[in-house]
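Right, one structure below, let's go through it.
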Amino acid sequence: MGLKAPGNPKLSAPSRRNRPELFIKSEGMQTVLGSLLSEYIEYRGGERVRQLSSKERDGYLRHLNNIVTDTYSAWLGDPEKYVGYSRGKGNFSKDGSYWDAINDKPLLSMTFFLRAIDFLAERGYIENHVAKAGRNPHSSRMRATQKLIELLEAQVSTWASIRTDTSMNAIVVRDKESQIVPLPKDDDFDLTQAIENLRRINDNLQTSLINLYITDKEHEALARRMRGISSASTEADGNEELKEPLEFSNRSLRRVFKPNSFDCGGRFYGGWWQGLPKEYRKHIVIQDAITVEMDYSTIHPRILYALAETDLPDDAYTVPGWDVPGWNKELRNIAKATFQQLLNSRKGAGNPNLWGNLFAPDLDPDPLPEGWGLMHEHGQDVFRREEFKKRTGREYKELLMDLKTKHEPIDKYFFSEAWTWLQRLDADIAELVMLKLLDEPVPFTALPIHDSFIVRRGAEGALLRIMDEAFEEVVGVKAKVDRNATVYDGERRGSGIVKAADIWDDAVRQWKACTKYWRRRDEWQSVWGTID
C-alpha cells in the first residue's frame, strides 16, 4: 500500500494535484504499458489466478498510462516533486473530485486507479505515501522513482510526448473554501459552448511548441525559485491556480469559476507560463518565434467607470496628495493593489474603524524580525503597516480613504466583493480574444495571463486589433492596451523589425549556453515533426 504520510519529512517537498487528463500515445509507451501490465498480472496472480477481461485490460492500461505519465511530467519539472491524489471512495462517486459532470462518469475508476498505484509502489516504480482516512491538510502522494524514469527513457519518451485528453471536462467550480463543487445549473450560462470553446483553445495549445529561451544556469536558478512557489502547501491553501509548476507539458487550460456560480470568476489557469515570474515572460518562444506581451491597462477601473457612464481618470492609481520623492513608482504599484483590495473586501468591511484589520501592502521589513517565517499573517501585517508608515510618513488607512475619495463615481462597488463578477467579465474577454485569434486567416496561438496575452512577434498588430474589438464587444467602451518590453527592444523599440544582424551575435553566444532549450526543441520536433 505504500508508506504512511504523517511525520514523514519528505512531505515538505514540493507537490501538485494529480492530473487525470494526462497520457502518452506512442509505440514506446505501448511497449512500457505492455511490460507493466504483464508484471501486474503476475503481481495479482497469487490473489486471483485468471486472465483479465478485455474491459479490465483496457482499464488498467489507461490508468497505468495516466499514473506513469503524470508522475513523469512532475519529475521532469522537479525530481523532488510529489503528485497528490485521493483514495477516498467519495472522490470517485458522483459529484466527487474525480467525477466528470459533463459526461456523467468518473474520470478515474477507484478500483483500477488505486490497484495500479499500489502495484507500481510495490514494484518500486513509484514512491507512495498514503494519508490517513479523513480530512487531512495533505492528501496521499506519489512520485516517480529512477526505476520508472529509466524504463520510460529507454523507450524514448520525452516531455513532448505528454498530451492532454481535451475530451475531459476542464470547467471547474469551487466554493468559498476553494473546494470543487458540482457544476451549478444556470440557464443563462451556455455550458456546452464554453466547453467547446475551451476544447478548441486547448487543441491549438496541444500542437504548439511553447518554449523558454534562457541559459542552463538561468533555468536552474528559475527551477529553484519555482520550487519555493510550488511548495507543499499548494494543495491546502486554495491558490493552486496561481502556482503552476514549471512543467513544459502543462500546455492546456482549465476554466475556474468561484464561488459556487458561473456568474463569478471563470479565469483560465493551467499553462506553465502562468507561473513564471514576470521578468522571465519575455523569454517565452512560440513555434520558434520570439514573443511580445500586451495587456489591458486598468481593466477593472475601466469596466466600472463604463458602468457608471463617466470618464476614467487619466491615471487610476495616482492619488492626489501622495508624493514620496524617489518612491512614487513603488507607491503607484501599492495604490494599484489597494484599489483591488477596496473591490475585493467583503461586504460590511467599509467602516473605516475596521480598516486596521485589512492587510497592508506587501512591504516586508528589512531586516526581517526574528521568527518572521513562523509568524501568523496578521502578526506580519502589523510590521508591514509600520513599514508603510516608515516609508511614507502616513498610515495605510489614509491611502485607502484617499483612493476611495478619488474614485467617488464608482464608490458603490467598493467593499462589495466585486472581484467575483469582474473576473467573469475579464475572463469572457480573454476567451473572446483567444478565439478571434484562432479565426484569423493565419491563426495565432495566444498564451493568456488573465488580462494579458503573449503571441509570437509579428502577431501584435492582430492582437491589438482583436483586444480592442473584444473589450468593446463585452464592455461597450474602448480599451487601453499596453505593450510590455521584449527581449530585442533596446533602442529599436517600436520599429517592429528585428534584423538578422541584431541577433546573430546573441545567437552564437547562446547556442552552447542554452542546451536545455535546444533539447526541448529537438524533442518536440522528434514527436510533432517540422515546426511551422
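Numbering starts fresh at 1 for the residues of each chain in the C-alpha cells, the chains themselves are lettered A, B, ... in the order given, and ligands are numbered from 1 as they appear.
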So that I can see what lies close to Trp528 of chain A, please list as a PyMOL selection string the residues with an atom at most 9 Å from it, counting only C-alpha atoms and leaving out residues fewer than 3 positions away in the same chain. chain A and resi 160-161+207+523-525+531
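Looking only at segment 120-161 of chain A, the set that DSSP places in helix (DSSP H, G or I) from backbone geometry is Leu120, Ala121, Glu122, Gln146, Lys147, Leu148, Ile149, Glu150, Leu151, Leu152, Glu153, Trp159, Ala160 and Ser161 of chain A.
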Pairwise distance for atom CA of Leu246 of chain A and atom CA of Glu153 of chain A, rounded to one decimal in Å: 20.0 Å
One decimal, in Å: what's the spacing between atom CA of Thr445 of chain A and atom CA of Ile210 of chain A? 9.7 Å
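Residues with any atom within 6 Å of segment 26-31 of chain A, counting only C-alpha atoms and excluding same-chain neighbours fewer than 2 positions away, are Leu33, Gly34 and Gln155 of chain A.
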Near Ser416 of chain A, within 9 Å and counting only C-alpha atoms, which residues show up once chain neighbours fewer than 5 positions away are dropped, as a count of residues only? 9
Taking the DSSP secondary structure from the backbone, can you list the residues of segment 284-384 of chain A that are strand (DSSP E or B), as a PyMOL selection string? chain A and resi 284-286+289-296
Keeping N, CA and C atoms for every residue in the selection just given, could you write it to a file as an mmCIF file, in the first residue's frame?
data_model
loop_
_atom_site.group_PDB
_atom_site.id
_atom_site.type_symbol
_atom_site.label_atom_id
_atom_site.label_comp_id
_atom_site.auth_asym_id
_atom_site.auth_seq_id
_atom_site.Cartn_x
_atom_site.Cartn_y
_atom_site.Cartn_z
ATOM 1 N N ILE A 284 9.794 33.751 -23.418
ATOM 2 C CA ILE A 284 8.964 32.685 -23.971
ATOM 3 C C ILE A 284 9.047 32.702 -25.493
ATOM 4 N N VAL A 285 9.118 31.515 -26.077
ATOM 5 C CA VAL A 285 9.189 31.352 -27.526
ATOM 6 C C VAL A 285 8.012 30.480 -27.964
ATOM 7 N N ILE A 286 7.286 30.911 -29.006
ATOM 8 C CA ILE A 286 6.170 30.143 -29.551
ATOM 9 C C ILE A 286 6.505 29.731 -30.974
ATOM 10 N N ALA A 289 9.486 31.277 -32.544
ATOM 11 C CA ALA A 289 9.484 32.730 -32.736
ATOM 12 C C ALA A 289 9.511 33.437 -31.390
ATOM 13 N N ILE A 290 10.312 34.512 -31.302
ATOM 14 C CA ILE A 290 10.292 35.324 -30.093
ATOM 15 C C ILE A 290 8.913 35.964 -29.963
ATOM 16 N N THR A 291 8.589 36.432 -28.787
ATOM 17 C CA THR A 291 7.213 36.831 -28.495
ATOM 18 C C THR A 291 7.114 38.266 -28.001
ATOM 19 N N VAL A 292 5.875 38.732 -27.941
ATOM 20 C CA VAL A 292 5.544 40.032 -27.368
ATOM 21 C C VAL A 292 4.326 39.841 -26.480
ATOM 22 N N GLU A 293 4.257 40.594 -25.395
ATOM 23 C CA GLU A 293 3.114 40.528 -24.474
ATOM 24 C C GLU A 293 2.394 41.861 -24.448
ATOM 25 N N MET A 294 1.084 41.814 -24.539
ATOM 26 C CA MET A 294 0.261 43.024 -24.476
ATOM 27 C C MET A 294 -0.821 42.804 -23.425
ATOM 28 N N ASP A 295 -1.115 43.864 -22.663
ATOM 29 C CA ASP A 295 -2.118 43.707 -21.602
ATOM 30 C C ASP A 295 -3.069 44.884 -21.567
ATOM 31 N N TYR A 296 -4.262 44.608 -21.043
ATOM 32 C CA TYR A 296 -5.254 45.665 -20.854
ATOM 33 C C TYR A 296 -4.826 46.542 -19.682
#
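In terms of minimum interatomic distance to Leu108 of chain A, A:Gly59 ranks closest within A:Gly59, A:Pro365, A:Pro443, A:Gly77, counting only C-alpha atoms.
Residues with any atom within 8 Å of segment 111-115 of chain A, counting only C-alpha atoms and excluding same-chain neighbours fewer than 4 positions away, are A:Gly59, A:Tyr60, A:His63, A:Leu64, A:Arg87, A:Phe119.
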Saved selection, atoms kept: C-alpha atoms, as an mmCIF file, in the first residue's frame:
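Wrote it out as out-v9.cif, contents follow:
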data_model
loop_
_atom_site.group_PDB
_atom_site.id
_atom_site.type_symbol
_atom_site.label_atom_id
_atom_site.label_comp_id
_atom_site.auth_asym_id
_atom_site.auth_seq_id
_atom_site.Cartn_x
_atom_site.Cartn_y
_atom_site.Cartn_z
ATOM 1 C CA GLY A 59 -8.990 -0.087 -17.815
ATOM 2 C CA TYR A 60 -5.634 -0.982 -16.320
ATOM 3 C CA HIS A 63 -4.884 4.109 -15.597
ATOM 4 C CA LEU A 64 -1.287 2.901 -15.776
ATOM 5 C CA ARG A 87 -8.069 7.465 -2.122
ATOM 6 C CA PHE A 119 1.266 -2.253 -7.743
#
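The closest residue to Glu247 of chain A, picked from A:Lys94, A:Lys176, A:Arg57, A:Lys81 and counting only C-alpha atoms, is A:Lys81.
The coordinates place atom CA of Asp532 of chain A at 29.3 Å from atom CA of Asp428 of chain A.
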Closest of A:Phe415, A:Tyr396, A:Phe92, A:Phe248 to Gln341 of chain A, counting only C-alpha atoms, is A:Phe415
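Among the candidates A:Arg251, A:Arg44, A:Arg16, A:Arg163, the one nearest to Gln274 of chain A when counting only C-alpha atoms is A:Arg251.
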